[in-house]
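Here is the structure we will look at.
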Amino acid sequence: MKSVVIGAHLRRDDIEPPDKLESLSYVQAIPAGDLFLSGLPVADDQPLGDRELLLRVANIRAALLDRATFIAIRYGFAVSSPSEAAAKCAEHLDRWRALLEQHRDDVEMTLKVVASGSVARPDRRDFTSGGDYLKALHAATTSVEIDPEFRNAAEEAIGKGRWLHRDQKSLELVALVARGAVERVRAAGEELKRRFPQVPFLLSGPWPLEVFADETPS
Amino acid sequence: MDENLEELTLLETLDHLLDRGVVIAGEAVISIGDVDLLYLGLNVVLANVDAIKRTSRR
């Protein structure tokens, strides 16, 4: 068996024991230093790209977040033993503990905005060097912009978080929101939709610590 | 739930699963057949933006 690692948690009881929710029935707490990783045991030959597994892990993430805030681990990290998990995460543990203690009552909310103008994606065939192509790709992605008025209104609605350039079509504002303020932020999102009907955007969350778990903000 | 909104929510959820969170150093990119999950993640992101536009037009 191997375990698909889902997140890093402050306490064992953020993961176990399983409650009445079916989705958490098989999740195990894997000790890593003085933190715990949530892991879903699967057969060694289970392909991680399996659609059912992806959806199952997505459901488990949501159920775990209902219990307590955790640090999300990018999908695809699987371990065969607790010692392997602890060794591979060792360099992160101190920072994760500090983040989890600081943001125990916070979740992330994401506001994804479709860019006001499209930016052409560079064509690899136009470049002789891979490095130059990657630089051009990065430049194209970071040149994406949105209406400044909407940008300010979005920050007023969900808070001044981090703006991320993730592709050539959209920008994202990710903010830390107190658990008790999630509904207020959703209402602010609805108000934003009324004020800017011409700007396509999606407000989503709550999410675990994903962007704010990264020490190098974009 | 509205079908478009349901699709959008699923895409957003998969986008977060595949393209967010801490990357553990040394982990290989997963492949499905010949398609890396990394690219699958990118496709989800792009499909997500298109879905946002569709939903907003309604």
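Letters for chains follow the order of the structure tokens (A, B, ...), residue numbers begin at 1 for each chain, and ligand numbers begin at 1 in the order shown.
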
Would you kindly return, as a VMD selection string, each protein, DNA or RNA residue with an atom no farther than 12 Å from any atom of segment 138-148 of chain A, considering only C-alpha atoms and excluding same-chain residues fewer than 2 positions away? chain A and resid 112 to 123 131 to 136 150 to 155 163 to 173 196 198 to 201 218

Using N, CA and C atoms, can you write the selected residues to a file as a short mmCIF file (atom, residue, chain, number, x, y, z; two decimals), in the first residue's frame?
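Dumped to again-v4.cif:
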```cif
data_model
loop_
_atom_site.label_atom_id
_atom_site.label_comp_id
_atom_site.auth_asym_id
_atom_site.auth_seq_id
_atom_site.Cartn_x
_atom_site.Cartn_y
_atom_site.Cartn_z
N LYS A 112 -11.08 34.70 -9.01
CA LYS A 112 -10.43 34.56 -10.32
C LYS A 112 -11.14 35.47 -11.32
N VAL A 113 -10.38 36.36 -11.94
CA VAL A 113 -10.95 37.36 -12.84
C VAL A 113 -10.45 37.12 -14.26
N VAL A 114 -11.35 37.09 -15.20
CA VAL A 114 -10.95 36.97 -16.60
C VAL A 114 -10.31 38.28 -17.03
N ALA A 115 -9.15 38.20 -17.67
CA ALA A 115 -8.39 39.39 -18.05
C ALA A 115 -9.18 40.29 -19.00
N SER A 116 -8.90 41.61 -18.91
CA SER A 116 -9.64 42.57 -19.73
C SER A 116 -9.21 42.48 -21.20
N GLY A 117 -8.01 42.08 -21.46
CA GLY A 117 -7.55 41.91 -22.85
C GLY A 117 -6.76 40.62 -22.96
N SER A 118 -6.82 39.99 -24.11
CA SER A 118 -6.09 38.73 -24.22
C SER A 118 -4.64 38.97 -24.59
N VAL A 119 -3.78 38.16 -24.04
CA VAL A 119 -2.35 38.24 -24.33
C VAL A 119 -1.98 36.97 -25.09
N ALA A 120 -1.29 37.15 -26.21
CA ALA A 120 -0.95 35.98 -27.03
C ALA A 120 0.07 35.10 -26.31
N ARG A 121 -0.17 33.82 -26.35
CA ARG A 121 0.79 32.88 -25.76
C ARG A 121 1.96 32.71 -26.74
N PRO A 122 3.22 32.87 -26.27
CA PRO A 122 4.36 32.71 -27.18
C PRO A 122 4.38 31.31 -27.80
N ASP A 123 4.86 31.26 -29.02
CA ASP A 123 4.95 29.99 -29.73
C ASP A 123 6.37 29.45 -29.58
N GLY A 131 15.23 28.53 -22.65
CA GLY A 131 15.25 29.57 -21.62
C GLY A 131 14.55 30.83 -22.08
N ASP A 132 14.83 31.22 -23.34
CA ASP A 132 14.19 32.43 -23.88
C ASP A 132 12.68 32.23 -23.98
N TYR A 133 12.29 31.02 -24.36
CA TYR A 133 10.86 30.72 -24.47
C TYR A 133 10.18 30.84 -23.11
N LEU A 134 10.82 30.27 -22.08
CA LEU A 134 10.23 30.34 -20.74
C LEU A 134 10.12 31.78 -20.25
N LYS A 135 11.17 32.58 -20.57
CA LYS A 135 11.12 34.01 -20.18
C LYS A 135 9.96 34.71 -20.87
N ALA A 136 9.77 34.42 -22.16
CA ALA A 136 8.68 35.05 -22.92
C ALA A 136 7.33 34.60 -22.37
N PHE A 150 -12.00 47.69 -10.91
CA PHE A 150 -12.45 46.39 -10.40
C PHE A 150 -11.42 45.83 -9.41
N ARG A 151 -10.17 46.02 -9.74
CA ARG A 151 -9.09 45.51 -8.88
C ARG A 151 -9.23 46.09 -7.46
N ASN A 152 -9.45 47.40 -7.38
CA ASN A 152 -9.60 48.04 -6.06
C ASN A 152 -10.85 47.53 -5.34
N ALA A 153 -11.94 47.41 -6.12
CA ALA A 153 -13.20 46.96 -5.52
C ALA A 153 -13.07 45.51 -5.01
N ALA A 154 -12.33 44.70 -5.75
CA ALA A 154 -12.13 43.31 -5.35
C ALA A 154 -11.36 43.24 -4.03
N GLU A 155 -10.36 44.10 -3.90
CA GLU A 155 -9.58 44.12 -2.65
C GLU A 155 -10.43 44.60 -1.48
N TRP A 163 -2.08 38.95 -5.46
CA TRP A 163 -2.52 38.83 -6.85
C TRP A 163 -1.58 37.87 -7.56
N LEU A 164 -2.14 36.90 -8.24
CA LEU A 164 -1.33 35.91 -8.94
C LEU A 164 -1.60 35.92 -10.43
N HIS A 165 -0.53 35.85 -11.20
CA HIS A 165 -0.66 35.66 -12.64
C HIS A 165 -0.42 34.19 -12.90
N ARG A 166 -1.46 33.49 -13.32
CA ARG A 166 -1.28 32.05 -13.49
C ARG A 166 -1.36 31.58 -14.94
N ASP A 167 -1.93 32.38 -15.78
CA ASP A 167 -1.99 32.03 -17.20
C ASP A 167 -2.18 33.32 -17.99
N GLN A 168 -2.42 33.18 -19.31
CA GLN A 168 -2.55 34.39 -20.14
C GLN A 168 -3.99 34.88 -20.26
N LYS A 169 -4.87 34.30 -19.45
CA LYS A 169 -6.28 34.65 -19.59
C LYS A 169 -6.90 35.23 -18.33
N SER A 170 -6.23 35.07 -17.21
CA SER A 170 -6.88 35.48 -15.96
C SER A 170 -5.88 35.93 -14.90
N LEU A 171 -6.41 36.61 -13.91
CA LEU A 171 -5.64 37.01 -12.73
C LEU A 171 -6.40 36.50 -11.51
N GLU A 172 -5.69 36.25 -10.43
CA GLU A 172 -6.37 35.78 -9.23
C GLU A 172 -5.96 36.60 -8.01
N LEU A 173 -6.95 36.92 -7.21
CA LEU A 173 -6.68 37.52 -5.91
C LEU A 173 -6.97 36.45 -4.86
N PHE A 196 -20.20 45.28 -11.13
CA PHE A 196 -19.38 45.09 -12.34
C PHE A 196 -19.93 43.92 -13.18
N GLN A 198 -20.07 43.53 -16.18
CA GLN A 198 -19.31 43.28 -17.41
C GLN A 198 -18.01 42.52 -17.15
N VAL A 199 -17.66 42.32 -15.90
CA VAL A 199 -16.39 41.63 -15.58
C VAL A 199 -16.67 40.18 -15.15
N PRO A 200 -16.27 39.20 -15.96
CA PRO A 200 -16.49 37.82 -15.56
C PRO A 200 -15.49 37.42 -14.46
N PHE A 201 -16.01 36.93 -13.35
CA PHE A 201 -15.11 36.46 -12.29
C PHE A 201 -15.79 35.35 -11.50
N SER A 218 3.99 35.06 -5.59
CA SER A 218 4.20 35.50 -6.98
C SER A 218 4.06 37.01 -7.06
#
```

Hey, list the chain B side of the contact with chain A: 6 Å cut-off, only C-alpha atoms, answer as a ChimeraX atom specification. /B:17-18,20-23,32,53,56

Output as a PDB file with N, CA and C atoms, in the first residue's frame all residues of segment 7-141 of chain A that backbone DSSP marks as helix (DSSP H, G or I).
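File written: selection.pdb
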```
ATOM      1  N   ARG A  12      -3.330  15.576  15.508  1.00  0.00           N
ATOM      2  CA  ARG A  12      -3.840  14.292  15.016  1.00  0.00           C
ATOM      3  C   ARG A  12      -5.365  14.323  14.896  1.00  0.00           C
ATOM      4  N   ASP A  13      -6.034  14.944  15.904  1.00  0.00           N
ATOM      5  CA  ASP A  13      -7.497  14.915  15.846  1.00  0.00           C
ATOM      6  C   ASP A  13      -8.083  15.893  14.818  1.00  0.00           C
ATOM      7  N   ASP A  14      -7.215  16.568  14.060  1.00  0.00           N
ATOM      8  CA  ASP A  14      -7.703  17.283  12.876  1.00  0.00           C
ATOM      9  C   ASP A  14      -7.995  16.280  11.749  1.00  0.00           C
ATOM     10  N   GLU A  22     -18.581   9.700   5.580  1.00  0.00           N
ATOM     11  CA  GLU A  22     -18.007   8.572   4.837  1.00  0.00           C
ATOM     12  C   GLU A  22     -16.666   8.960   4.217  1.00  0.00           C
ATOM     13  N   SER A  23     -16.571  10.216   3.754  1.00  0.00           N
ATOM     14  CA  SER A  23     -15.374  10.625   3.030  1.00  0.00           C
ATOM     15  C   SER A  23     -14.110  10.557   3.875  1.00  0.00           C
ATOM     16  N   LEU A  24     -14.248  10.633   5.195  1.00  0.00           N
ATOM     17  CA  LEU A  24     -13.039  10.611   6.030  1.00  0.00           C
ATOM     18  C   LEU A  24     -12.761   9.229   6.624  1.00  0.00           C
ATOM     19  N   ARG A  51      -9.680   9.218 -12.339  1.00  0.00           N
ATOM     20  CA  ARG A  51     -10.673  10.272 -12.098  1.00  0.00           C
ATOM     21  C   ARG A  51     -11.391  10.093 -10.765  1.00  0.00           C
ATOM     22  N   GLU A  52     -11.765   8.845 -10.469  1.00  0.00           N
ATOM     23  CA  GLU A  52     -12.490   8.596  -9.222  1.00  0.00           C
ATOM     24  C   GLU A  52     -11.632   8.952  -8.011  1.00  0.00           C
ATOM     25  N   LEU A  53     -10.351   8.625  -8.105  1.00  0.00           N
ATOM     26  CA  LEU A  53      -9.445   8.938  -6.997  1.00  0.00           C
ATOM     27  C   LEU A  53      -9.306  10.454  -6.835  1.00  0.00           C
ATOM     28  N   LEU A  54      -9.178  11.159  -7.951  1.00  0.00           N
ATOM     29  CA  LEU A  54      -9.075  12.626  -7.890  1.00  0.00           C
ATOM     30  C   LEU A  54     -10.293  13.227  -7.185  1.00  0.00           C
ATOM     31  N   LEU A  55     -11.464  12.748  -7.564  1.00  0.00           N
ATOM     32  CA  LEU A  55     -12.685  13.303  -6.969  1.00  0.00           C
ATOM     33  C   LEU A  55     -12.792  12.927  -5.493  1.00  0.00           C
ATOM     34  N   ARG A  56     -12.350  11.718  -5.176  1.00  0.00           N
ATOM     35  CA  ARG A  56     -12.398  11.283  -3.783  1.00  0.00           C
ATOM     36  C   ARG A  56     -11.484  12.167  -2.922  1.00  0.00           C
ATOM     37  N   VAL A  57     -10.280  12.415  -3.432  1.00  0.00           N
ATOM     38  CA  VAL A  57      -9.338  13.254  -2.685  1.00  0.00           C
ATOM     39  C   VAL A  57      -9.890  14.681  -2.550  1.00  0.00           C
ATOM     40  N   ALA A  58     -10.534  15.159  -3.600  1.00  0.00           N
ATOM     41  CA  ALA A  58     -11.125  16.504  -3.535  1.00  0.00           C
ATOM     42  C   ALA A  58     -12.189  16.569  -2.436  1.00  0.00           C
ATOM     43  N   ASN A  59     -13.004  15.522  -2.340  1.00  0.00           N
ATOM     44  CA  ASN A  59     -14.034  15.486  -1.289  1.00  0.00           C
ATOM     45  C   ASN A  59     -13.408  15.411   0.102  1.00  0.00           C
ATOM     46  N   ILE A  60     -12.355  14.625   0.213  1.00  0.00           N
ATOM     47  CA  ILE A  60     -11.685  14.483   1.513  1.00  0.00           C
ATOM     48  C   ILE A  60     -11.078  15.816   1.946  1.00  0.00           C
ATOM     49  N   ARG A  61     -10.476  16.517   0.981  1.00  0.00           N
ATOM     50  CA  ARG A  61      -9.914  17.846   1.290  1.00  0.00           C
ATOM     51  C   ARG A  61     -10.970  18.744   1.922  1.00  0.00           C
ATOM     52  N   ALA A  62     -12.156  18.747   1.300  1.00  0.00           N
ATOM     53  CA  ALA A  62     -13.234  19.615   1.802  1.00  0.00           C
ATOM     54  C   ALA A  62     -13.655  19.179   3.207  1.00  0.00           C
ATOM     55  N   ALA A  63     -13.752  17.867   3.413  1.00  0.00           N
ATOM     56  CA  ALA A  63     -14.181  17.374   4.729  1.00  0.00           C
ATOM     57  C   ALA A  63     -13.126  17.688   5.797  1.00  0.00           C
ATOM     58  N   LEU A  64     -11.855  17.580   5.422  1.00  0.00           N
ATOM     59  CA  LEU A  64     -10.780  17.903   6.382  1.00  0.00           C
ATOM     60  C   LEU A  64     -10.790  19.394   6.734  1.00  0.00           C
ATOM     61  N   LEU A  65     -11.076  20.222   5.737  1.00  0.00           N
ATOM     62  CA  LEU A  65     -11.100  21.663   6.000  1.00  0.00           C
ATOM     63  C   LEU A  65     -12.252  22.037   6.926  1.00  0.00           C
ATOM     64  N   ASP A  66     -13.329  21.255   6.878  1.00  0.00           N
ATOM     65  CA  ASP A  66     -14.435  21.497   7.814  1.00  0.00           C
ATOM     66  C   ASP A  66     -13.953  21.307   9.254  1.00  0.00           C
ATOM     67  N   ARG A  67     -12.996  20.411   9.434  1.00  0.00           N
ATOM     68  CA  ARG A  67     -12.496  20.144  10.795  1.00  0.00           C
ATOM     69  C   ARG A  67     -11.530  21.223  11.272  1.00  0.00           C
ATOM     70  N   PRO A  82       5.654   6.018   6.996  1.00  0.00           N
ATOM     71  CA  PRO A  82       5.746   7.263   7.766  1.00  0.00           C
ATOM     72  C   PRO A  82       7.156   7.843   7.741  1.00  0.00           C
ATOM     73  N   SER A  83       8.174   6.975   7.744  1.00  0.00           N
ATOM     74  CA  SER A  83       9.542   7.512   7.752  1.00  0.00           C
ATOM     75  C   SER A  83       9.851   8.236   6.442  1.00  0.00           C
ATOM     76  N   GLU A  84       9.330   7.714   5.341  1.00  0.00           N
ATOM     77  CA  GLU A  84       9.534   8.387   4.047  1.00  0.00           C
ATOM     78  C   GLU A  84       8.829   9.756   4.057  1.00  0.00           C
ATOM     79  N   ALA A  85       7.621   9.775   4.600  1.00  0.00           N
ATOM     80  CA  ALA A  85       6.859  11.034   4.662  1.00  0.00           C
ATOM     81  C   ALA A  85       7.610  12.065   5.496  1.00  0.00           C
ATOM     82  N   ALA A  86       8.090  11.642   6.662  1.00  0.00           N
ATOM     83  CA  ALA A  86       8.786  12.574   7.560  1.00  0.00           C
ATOM     84  C   ALA A  86      10.065  13.088   6.919  1.00  0.00           C
ATOM     85  N   ALA A  87      10.790  12.196   6.251  1.00  0.00           N
ATOM     86  CA  ALA A  87      12.058  12.603   5.636  1.00  0.00           C
ATOM     87  C   ALA A  87      11.828  13.606   4.508  1.00  0.00           C
ATOM     88  N   LYS A  88      10.822  13.357   3.678  1.00  0.00           N
ATOM     89  CA  LYS A  88      10.602  14.230   2.524  1.00  0.00           C
ATOM     90  C   LYS A  88      10.030  15.592   2.921  1.00  0.00           C
ATOM     91  N   CYS A  89       9.376  15.637   4.074  1.00  0.00           N
ATOM     92  CA  CYS A  89       8.776  16.911   4.510  1.00  0.00           C
ATOM     93  C   CYS A  89       9.631  17.645   5.547  1.00  0.00           C
ATOM     94  N   ALA A  90      10.729  17.035   5.970  1.00  0.00           N
ATOM     95  CA  ALA A  90      11.500  17.551   7.108  1.00  0.00           C
ATOM     96  C   ALA A  90      11.853  19.035   6.974  1.00  0.00           C
ATOM     97  N   GLU A  91      12.268  19.435   5.782  1.00  0.00           N
ATOM     98  CA  GLU A  91      12.734  20.818   5.612  1.00  0.00           C
ATOM     99  C   GLU A  91      11.603  21.848   5.774  1.00  0.00           C
ATOM    100  N   HIS A  92      10.342  21.389   5.670  1.00  0.00           N
ATOM    101  CA  HIS A  92       9.204  22.320   5.731  1.00  0.00           C
ATOM    102  C   HIS A  92       8.578  22.433   7.119  1.00  0.00           C
ATOM    103  N   LEU A  93       8.850  21.457   7.975  1.00  0.00           N
ATOM    104  CA  LEU A  93       8.020  21.278   9.177  1.00  0.00           C
ATOM    105  C   LEU A  93       7.972  22.497  10.100  1.00  0.00           C
ATOM    106  N   ASP A  94       9.122  23.124  10.337  1.00  0.00           N
ATOM    107  CA  ASP A  94       9.119  24.280  11.255  1.00  0.00           C
ATOM    108  C   ASP A  94       8.249  25.413  10.713  1.00  0.00           C
ATOM    109  N   ARG A  95       8.398  25.675   9.414  1.00  0.00           N
ATOM    110  CA  ARG A  95       7.603  26.757   8.805  1.00  0.00           C
ATOM    111  C   ARG A  95       6.122  26.403   8.798  1.00  0.00           C
ATOM    112  N   TRP A  96       5.830  25.150   8.506  1.00  0.00           N
ATOM    113  CA  TRP A  96       4.424  24.730   8.488  1.00  0.00           C
ATOM    114  C   TRP A  96       3.788  24.891   9.867  1.00  0.00           C
ATOM    115  N   ARG A  97       4.536  24.495  10.891  1.00  0.00           N
ATOM    116  CA  ARG A  97       3.975  24.610  12.255  1.00  0.00           C
ATOM    117  C   ARG A  97       3.637  26.067  12.560  1.00  0.00           C
ATOM    118  N   ALA A  98       4.571  26.965  12.240  1.00  0.00           N
ATOM    119  CA  ALA A  98       4.339  28.393  12.515  1.00  0.00           C
ATOM    120  C   ALA A  98       3.101  28.891  11.756  1.00  0.00           C
ATOM    121  N   LEU A  99       2.990  28.495  10.485  1.00  0.00           N
ATOM    122  CA  LEU A  99       1.839  28.925   9.676  1.00  0.00           C
ATOM    123  C   LEU A  99       0.526  28.374  10.227  1.00  0.00           C
ATOM    124  N   LEU A 100       0.551  27.108  10.612  1.00  0.00           N
ATOM    125  CA  LEU A 100      -0.685  26.485  11.109  1.00  0.00           C
ATOM    126  C   LEU A 100      -1.121  27.097  12.437  1.00  0.00           C
ATOM    127  N   GLU A 101      -0.140  27.441  13.269  1.00  0.00           N
ATOM    128  CA  GLU A 101      -0.497  28.083  14.540  1.00  0.00           C
ATOM    129  C   GLU A 101      -1.030  29.494  14.296  1.00  0.00           C
ATOM    130  N   GLN A 102      -0.406  30.185  13.346  1.00  0.00           N
ATOM    131  CA  GLN A 102      -0.813  31.572  13.068  1.00  0.00           C
ATOM    132  C   GLN A 102      -2.181  31.647  12.396  1.00  0.00           C
ATOM    133  N   ARG A 124       6.477  28.246 -29.086  1.00  0.00           N
ATOM    134  CA  ARG A 124       7.808  27.647 -28.842  1.00  0.00           C
ATOM    135  C   ARG A 124       8.663  27.643 -30.111  1.00  0.00           C
ATOM    136  N   ARG A 125       7.997  27.496 -31.268  1.00  0.00           N
ATOM    137  CA  ARG A 125       8.749  27.408 -32.528  1.00  0.00           C
ATOM    138  C   ARG A 125       9.437  28.721 -32.898  1.00  0.00           C
ATOM    139  N   ASP A 126       9.027  29.802 -32.238  1.00  0.00           N
ATOM    140  CA  ASP A 126       9.650  31.097 -32.523  1.00  0.00           C
ATOM    141  C   ASP A 126      10.941  31.308 -31.738  1.00  0.00           C
ATOM    142  N   GLY A 130      15.246  27.212 -25.078  1.00  0.00           N
ATOM    143  CA  GLY A 130      14.160  26.925 -24.129  1.00  0.00           C
ATOM    144  C   GLY A 130      14.061  28.009 -23.066  1.00  0.00           C
ATOM    145  N   GLY A 131      15.228  28.532 -22.646  1.00  0.00           N
ATOM    146  CA  GLY A 131      15.251  29.570 -21.616  1.00  0.00           C
ATOM    147  C   GLY A 131      14.555  30.832 -22.079  1.00  0.00           C
ATOM    148  N   ASP A 132      14.831  31.220 -23.337  1.00  0.00           N
ATOM    149  CA  ASP A 132      14.188  32.427 -23.880  1.00  0.00           C
ATOM    150  C   ASP A 132      12.678  32.229 -23.983  1.00  0.00           C
ATOM    151  N   TYR A 133      12.290  31.016 -24.356  1.00  0.00           N
ATOM    152  CA  TYR A 133      10.857  30.722 -24.471  1.00  0.00           C
ATOM    153  C   TYR A 133      10.179  30.839 -23.106  1.00  0.00           C
ATOM    154  N   LEU A 134      10.820  30.272 -22.083  1.00  0.00           N
ATOM    155  CA  LEU A 134      10.230  30.339 -20.737  1.00  0.00           C
ATOM    156  C   LEU A 134      10.125  31.777 -20.249  1.00  0.00           C
ATOM    157  N   LYS A 135      11.167  32.582 -20.567  1.00  0.00           N
ATOM    158  CA  LYS A 135      11.120  34.008 -20.181  1.00  0.00           C
ATOM    159  C   LYS A 135       9.955  34.707 -20.869  1.00  0.00           C
ATOM    160  N   ALA A 136       9.775  34.423 -22.164  1.00  0.00           N
ATOM    161  CA  ALA A 136       8.678  35.054 -22.920  1.00  0.00           C
ATOM    162  C   ALA A 136       7.326  34.603 -22.371  1.00  0.00           C
ATOM    163  N   LEU A 137       7.251  33.328 -21.998  1.00  0.00           N
ATOM    164  CA  LEU A 137       6.003  32.795 -21.437  1.00  0.00           C
ATOM    165  C   LEU A 137       5.678  33.504 -20.121  1.00  0.00           C
ATOM    166  N   HIS A 138       6.699  33.674 -19.303  1.00  0.00           N
ATOM    167  CA  HIS A 138       6.524  34.357 -18.018  1.00  0.00           C
ATOM    168  C   HIS A 138       6.098  35.815 -18.250  1.00  0.00           C
ATOM    169  N   ALA A 139       6.785  36.475 -19.215  1.00  0.00           N
ATOM    170  CA  ALA A 139       6.464  37.881 -19.501  1.00  0.00           C
ATOM    171  C   ALA A 139       5.023  38.016 -19.982  1.00  0.00           C
ATOM    172  N   ALA A 140       4.576  37.075 -20.826  1.00  0.00           N
ATOM    173  CA  ALA A 140       3.203  37.136 -21.337  1.00  0.00           C
ATOM    174  C   ALA A 140       2.210  36.949 -20.195  1.00  0.00           C
ATOM    175  N   THR A 141       2.522  36.022 -19.313  1.00  0.00           N
ATOM    176  CA  THR A 141       1.610  35.739 -18.201  1.00  0.00           C
ATOM    177  C   THR A 141       1.505  36.927 -17.252  1.00  0.00           C
TER     178      THR A 141
END
```

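With only C-alpha atoms taken into account, the protein and nucleic acid residues at most 10 Å from Arg54 of chain B (excluding it and anything under 4 positions from it in its own chain) are Pro200 of chain A; Asn4, Leu5, Leu8, Asn48, Val49, Asp50 and Arg58 of chain B.
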
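Interatomic distance, atom CA of His16 of chain B against atom CA of Ala157 of chain A: 21.5 Å.
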